[in-house]
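The file target-v9.pdb comes next; it holds PDB, C-alpha atoms.
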ATOM      1  CA  MET A 471     -38.980  14.806  -8.142  1.00  0.00           C
ATOM      2  CA  SER A 472     -35.586  13.585  -9.287  1.00  0.00           C
ATOM      3  CA  GLU A 473     -33.978  10.533  -7.802  1.00  0.00           C
ATOM      4  CA  ILE A 474     -30.423  10.961  -6.465  1.00  0.00           C
ATOM      5  CA  GLN A 475     -27.982   8.626  -8.135  1.00  0.00           C
ATOM      6  CA  TYR A 476     -25.656   7.483  -5.379  1.00  0.00           C
ATOM      7  CA  ASP A 477     -22.058   6.836  -6.390  1.00  0.00           C
ATOM      8  CA  GLY A 478     -20.504   4.098  -4.265  1.00  0.00           C
ATOM      9  CA  GLN A 479     -16.958   5.030  -5.252  1.00  0.00           C
ATOM     10  CA  ALA A 480     -17.434   8.687  -4.265  1.00  0.00           C
ATOM     11  CA  ILE A 481     -18.953   7.661  -0.941  1.00  0.00           C
ATOM     12  CA  ALA A 482     -16.065   5.226  -0.320  1.00  0.00           C
ATOM     13  CA  ILE A 483     -13.453   7.910  -1.106  1.00  0.00           C
ATOM     14  CA  SER A 484     -15.278  10.358   1.132  1.00  0.00           C
ATOM     15  CA  ASN A 485     -15.268   7.857   3.997  1.00  0.00           C
ATOM     16  CA  GLN A 486     -11.589   7.117   3.360  1.00  0.00           C
ATOM     17  CA  ILE A 487     -10.693  10.801   3.528  1.00  0.00           C
ATOM     18  CA  VAL A 488     -12.530  11.432   6.784  1.00  0.00           C
ATOM     19  CA  ASP A 489     -11.261   8.214   8.398  1.00  0.00           C
ATOM     20  CA  GLU A 490      -7.626   8.316   7.300  1.00  0.00           C
ATOM     21  CA  MET A 491      -6.972  12.044   7.003  1.00  0.00           C
ATOM     22  CA  GLN A 492      -8.926  13.469   9.944  1.00  0.00           C
ATOM     23  CA  ASP A 493      -5.837  14.236  12.024  1.00  0.00           C
ATOM     24  CA  GLU A 494      -3.998  15.459   8.963  1.00  0.00           C
ATOM     25  CA  ILE A 495      -6.788  17.905   8.149  1.00  0.00           C
ATOM     26  CA  LEU A 496      -7.567  19.098  11.667  1.00  0.00           C
ATOM     27  CA  ALA A 497      -4.068  19.366  13.146  1.00  0.00           C
ATOM     28  CA  PRO A 498      -2.387  22.618  12.076  1.00  0.00           C
ATOM     29  CA  PHE A 499       0.971  21.025  12.846  1.00  0.00           C
ATOM     30  CA  ASN A 500       0.294  18.457  10.113  1.00  0.00           C
ATOM     31  CA  ALA A 501      -1.809  20.522   7.717  1.00  0.00           C
ATOM     32  CA  GLY A 502       0.086  23.792   7.769  1.00  0.00           C
ATOM     33  CA  VAL A 503      -3.301  25.517   7.796  1.00  0.00           C
ATOM     34  CA  TYR A 504      -5.952  25.711  10.483  1.00  0.00           C
ATOM     35  CA  PHE A 505      -9.547  24.669   9.903  1.00  0.00           C
ATOM     36  CA  SER A 506     -11.392  26.330  12.769  1.00  0.00           C
ATOM     37  CA  LYS A 507     -14.863  25.309  13.842  1.00  0.00           C
ATOM     38  CA  TYR A 508     -16.184  28.331  11.950  1.00  0.00           C
ATOM     39  CA  ASP A 509     -14.204  27.442   8.806  1.00  0.00           C
ATOM     40  CA  LEU A 510     -15.700  23.954   8.871  1.00  0.00           C
ATOM     41  CA  LEU A 511     -19.189  25.305   9.514  1.00  0.00           C
ATOM     42  CA  GLY A 512     -18.700  27.706   6.595  1.00  0.00           C
ATOM     43  CA  ILE A 513     -17.659  24.827   4.337  1.00  0.00           C
ATOM     44  CA  ALA A 514     -20.621  22.795   5.603  1.00  0.00           C
ATOM     45  CA  ASP A 515     -22.983  25.678   4.884  1.00  0.00           C
ATOM     46  CA  ALA A 516     -21.551  26.224   1.383  1.00  0.00           C
ATOM     47  CA  PHE A 517     -21.887  22.493   0.737  1.00  0.00           C
ATOM     48  CA  GLY A 518     -25.421  22.303   2.101  1.00  0.00           C
ATOM     49  CA  ALA A 519     -24.498  20.202   5.104  1.00  0.00           C
ATOM     50  CA  ALA A 520     -24.998  22.885   7.720  1.00  0.00           C
ATOM     51  CA  LYS A 521     -25.552  21.580  11.205  1.00  0.00           C
ATOM     52  CA  ARG A 522     -24.457  23.420  14.291  1.00  0.00           C
ATOM     53  CA  MET A 523     -21.984  21.394  16.299  1.00  0.00           C
ATOM     54  CA  ASN A 524     -19.159  22.296  18.613  1.00  0.00           C
ATOM     55  CA  ASP A 525     -16.608  19.578  17.948  1.00  0.00           C
ATOM     56  CA  ARG A 526     -14.446  19.973  14.832  1.00  0.00           C
ATOM     57  CA  LYS A 527     -14.089  16.196  14.361  1.00  0.00           C
ATOM     58  CA  LYS A 528     -17.856  15.746  14.389  1.00  0.00           C
ATOM     59  CA  ILE A 529     -18.318  18.643  11.970  1.00  0.00           C
ATOM     60  CA  LEU A 530     -15.729  17.186   9.580  1.00  0.00           C
ATOM     61  CA  LYS A 531     -17.348  13.746   9.674  1.00  0.00           C
ATOM     62  CA  GLU A 532     -20.801  15.223   9.178  1.00  0.00           C
ATOM     63  CA  ILE A 533     -19.702  17.219   6.136  1.00  0.00           C
ATOM     64  CA  PHE A 534     -18.329  14.132   4.415  1.00  0.00           C
ATOM     65  CA  ARG A 535     -21.530  12.182   5.180  1.00  0.00           C
ATOM     66  CA  TYR A 536     -23.345  14.470   2.756  1.00  0.00           C
ATOM     67  CA  VAL A 537     -21.314  13.186  -0.193  1.00  0.00           C
ATOM     68  CA  ASP A 538     -23.537  11.105  -2.451  1.00  0.00           C
ATOM     69  CA  THR A 539     -21.999  11.560  -5.896  1.00  0.00           C
ATOM     70  CA  THR A 540     -18.663  12.187  -7.539  1.00  0.00           C
ATOM     71  CA  ASP A 541     -19.737  15.769  -8.228  1.00  0.00           C
ATOM     72  CA  ASP A 542     -20.494  16.225  -4.515  1.00  0.00           C
ATOM     73  CA  LEU A 543     -17.045  14.950  -3.588  1.00  0.00           C
ATOM     74  CA  LYS A 544     -15.302  17.184  -6.127  1.00  0.00           C
ATOM     75  CA  ARG A 545     -17.270  20.218  -4.960  1.00  0.00           C
ATOM     76  CA  LEU A 546     -16.517  19.508  -1.292  1.00  0.00           C
ATOM     77  CA  LEU A 547     -12.821  18.957  -1.890  1.00  0.00           C
ATOM     78  CA  GLY A 548     -12.798  22.155  -3.953  1.00  0.00           C
ATOM     79  CA  LEU A 549     -14.120  24.035  -0.914  1.00  0.00           C
ATOM     80  CA  PHE A 550     -11.257  22.704   1.197  1.00  0.00           C
ATOM     81  CA  VAL A 551      -8.715  23.632  -1.500  1.00  0.00           C
ATOM     82  CA  ALA A 552     -10.206  27.132  -1.732  1.00  0.00           C
ATOM     83  CA  LYS A 553      -9.831  27.568   2.042  1.00  0.00           C
ATOM     84  CA  ILE A 554      -6.189  26.486   1.835  1.00  0.00           C
ATOM     85  CA  ASP A 555      -5.606  28.977  -0.997  1.00  0.00           C
ATOM     86  CA  ARG A 556      -7.131  31.752   1.134  1.00  0.00           C
ATOM     87  CA  ASP A 557      -4.723  30.862   3.929  1.00  0.00           C
ATOM     88  CA  PHE A 558      -1.816  30.971   1.479  1.00  0.00           C
ATOM     89  CA  ALA A 559      -2.863  34.513   0.502  1.00  0.00           C
ATOM     90  CA  LEU A 560      -2.896  35.383   4.189  1.00  0.00           C
ATOM     91  CA  PHE A 561       0.605  33.931   4.587  1.00  0.00           C
ATOM     92  CA  GLU A 562       1.818  36.165   1.744  1.00  0.00           C
ATOM     93  CA  SER A 563       0.308  39.193   3.452  1.00  0.00           C
ATOM     94  CA  ILE A 564       2.033  38.273   6.707  1.00  0.00           C
ATOM     95  CA  GLU A 565       5.355  37.856   4.895  1.00  0.00           C
ATOM     96  CA  GLN A 566       5.022  41.299   3.321  1.00  0.00           C
ATOM     97  CA  ASN A 567       4.328  42.955   6.663  1.00  0.00           C
ATOM     98  CA  TYR A 568       6.774  41.050   8.857  1.00  0.00           C
ATOM     99  CA  ALA A 569      10.302  40.555   7.568  1.00  0.00           C
ATOM    100  CA  HIS A 570      11.143  37.394   9.482  1.00  0.00           C
ATOM    101  CA  ALA A 571       7.769  35.692   9.177  1.00  0.00           C
ATOM    102  CA  GLU A 572       8.851  33.837   6.063  1.00  0.00           C
ATOM    103  CA  ASP A 573      10.850  31.433   8.209  1.00  0.00           C
ATOM    104  CA  VAL A 574       7.571  30.123   9.621  1.00  0.00           C
ATOM    105  CA  THR A 575       5.185  30.652   6.713  1.00  0.00           C
ATOM    106  CA  VAL A 576       7.400  28.673   4.334  1.00  0.00           C
ATOM    107  CA  GLN A 577       6.908  25.620   6.546  1.00  0.00           C
ATOM    108  CA  TRP A 578       3.173  26.258   6.831  1.00  0.00           C
ATOM    109  CA  ARG A 579       2.905  26.611   3.052  1.00  0.00           C
ATOM    110  CA  ARG A 580       4.919  23.408   2.493  1.00  0.00           C
ATOM    111  CA  GLN A 581       2.623  21.432   4.801  1.00  0.00           C
ATOM    112  CA  GLY A 582      -0.462  23.079   3.307  1.00  0.00           C
ATOM    113  CA  ASN A 583       0.685  22.160  -0.197  1.00  0.00           C
ATOM    114  CA  VAL A 584       0.972  18.509   0.831  1.00  0.00           C
ATOM    115  CA  LEU A 585      -2.623  18.518   2.098  1.00  0.00           C
ATOM    116  CA  LYS A 586      -3.833  20.503  -0.924  1.00  0.00           C
ATOM    117  CA  GLN A 587      -2.145  18.038  -3.279  1.00  0.00           C
ATOM    118  CA  LYS A 588      -3.851  15.111  -1.546  1.00  0.00           C
ATOM    119  CA  PHE A 589      -7.235  16.794  -1.999  1.00  0.00           C
ATOM    120  CA  GLU A 590      -6.444  17.505  -5.644  1.00  0.00           C
ATOM    121  CA  ASP A 591      -5.330  13.891  -6.163  1.00  0.00           C
ATOM    122  CA  PHE A 592      -8.645  12.665  -4.772  1.00  0.00           C
ATOM    123  CA  MET A 593     -10.473  15.126  -7.066  1.00  0.00           C
ATOM    124  CA  ALA A 594      -8.532  13.820 -10.069  1.00  0.00           C
ATOM    125  CA  ALA A 595      -9.279  10.211  -9.097  1.00  0.00           C
ATOM    126  CA  CYS A 596     -13.018  10.842  -9.323  1.00  0.00           C
TER     127      CYS A 596
END
Starting from the file, lay out its structure as structure tokens.
Amino acid sequence: MSEIQYDGQAIAISNQIVDEMQDEILAPFNAGVYFSKYDLLGIADAFGAAKRMNDRKKILKEIFRYVDTTDDLKRLLGLFVAKIDRDFALFESIEQNYAHAEDVTVQWRRQGNVLKQKFEDFMAAC
């Protein structure tokens, strides 16, 4: 049986993200994208942190509690970035089908890019 090598820096960054960015991640007004309860549960399941909860804040906190190493943190942040990219593809589809939707989706994409860049900055810092 292999012993997990805990990485204090990765755990600290994980705690920082969930403490300081919770409202930024969960509020569509701030994030430009929406992380539904089912999106978060899907990320939790893909990360191996699957627990059934109803509150998005609790789900988000629980997901980040499973970070033990730098690789865990990078993988988790990659799942959030992938979800944002999927939403961006959806925005493009909306823009193609609705002529005036770009007025709104441009703002959503701008806000989403800010959040995505923060996740990518944390990934690069690891």
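Every protein, DNA or RNA residue with an atom at most 12 Å from Ile529 (chain A), where all atoms listed in the file count and chain neighbours fewer than 4 positions away do not, is listed here: Val488, Gln492, Leu496, Phe505, Ser506, Lys507, Tyr508, Asp509, Leu510, Leu511, Gly512, Ile513, Ala514, Asp515, Ala519, Ala520, Lys521, Arg522, Met523, Asn524, Asp525, Ile533, Phe534, Arg535 and Tyr536 of chain A.
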Once 5 Å is added on each side, what centre and edge lengths in Å to one decimal does the axis-aligned box around all listed atoms of region 552-567 of chain A have, as lines of an AutoDock Vina configuration file?
center_x = -2.4
center_y = 34.7
center_z = 2.5
size_x = 25.6
size_y = 26.5
size_z = 18.4
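Across the chains present, the PyMOL selection byres ((chain A and resi 539) around 6) applied to this file returns Tyr476, Asp477, Ala480, Val537, Asp538, Thr540, Asp541 and Asp542 of chain A.
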Subject >> Contact residues around Gln587 (chain A) with all atoms listed in the file at 12 Å, ignoring same-chain residues under 2 positions, as a list in words >> reply: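 Listed by chain and then number, they are Ala501, Leu547, Gly548, Phe550, Val551, Ile554, Asp555, Arg579, Arg580, Gln581, Gly582, Asn583, Val584, Leu585, Phe589, Glu590, Asp591, Phe592, Met593 and Ala594 of chain A.
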**OP:** Go through A:Leu546, A:Ile481, A:Met491, A:Arg556 one by one, measure the shortest atom-to-atom distance of each to Lys527 (chain A) using all atoms listed in the file, and give the residue with the smallest value.
**Re:** A:Met491
Subject >> Atom pair CA of Glu562 (chain A) / CA of Val503 (chain A): separation (Å) >> reply: 13.3 Å
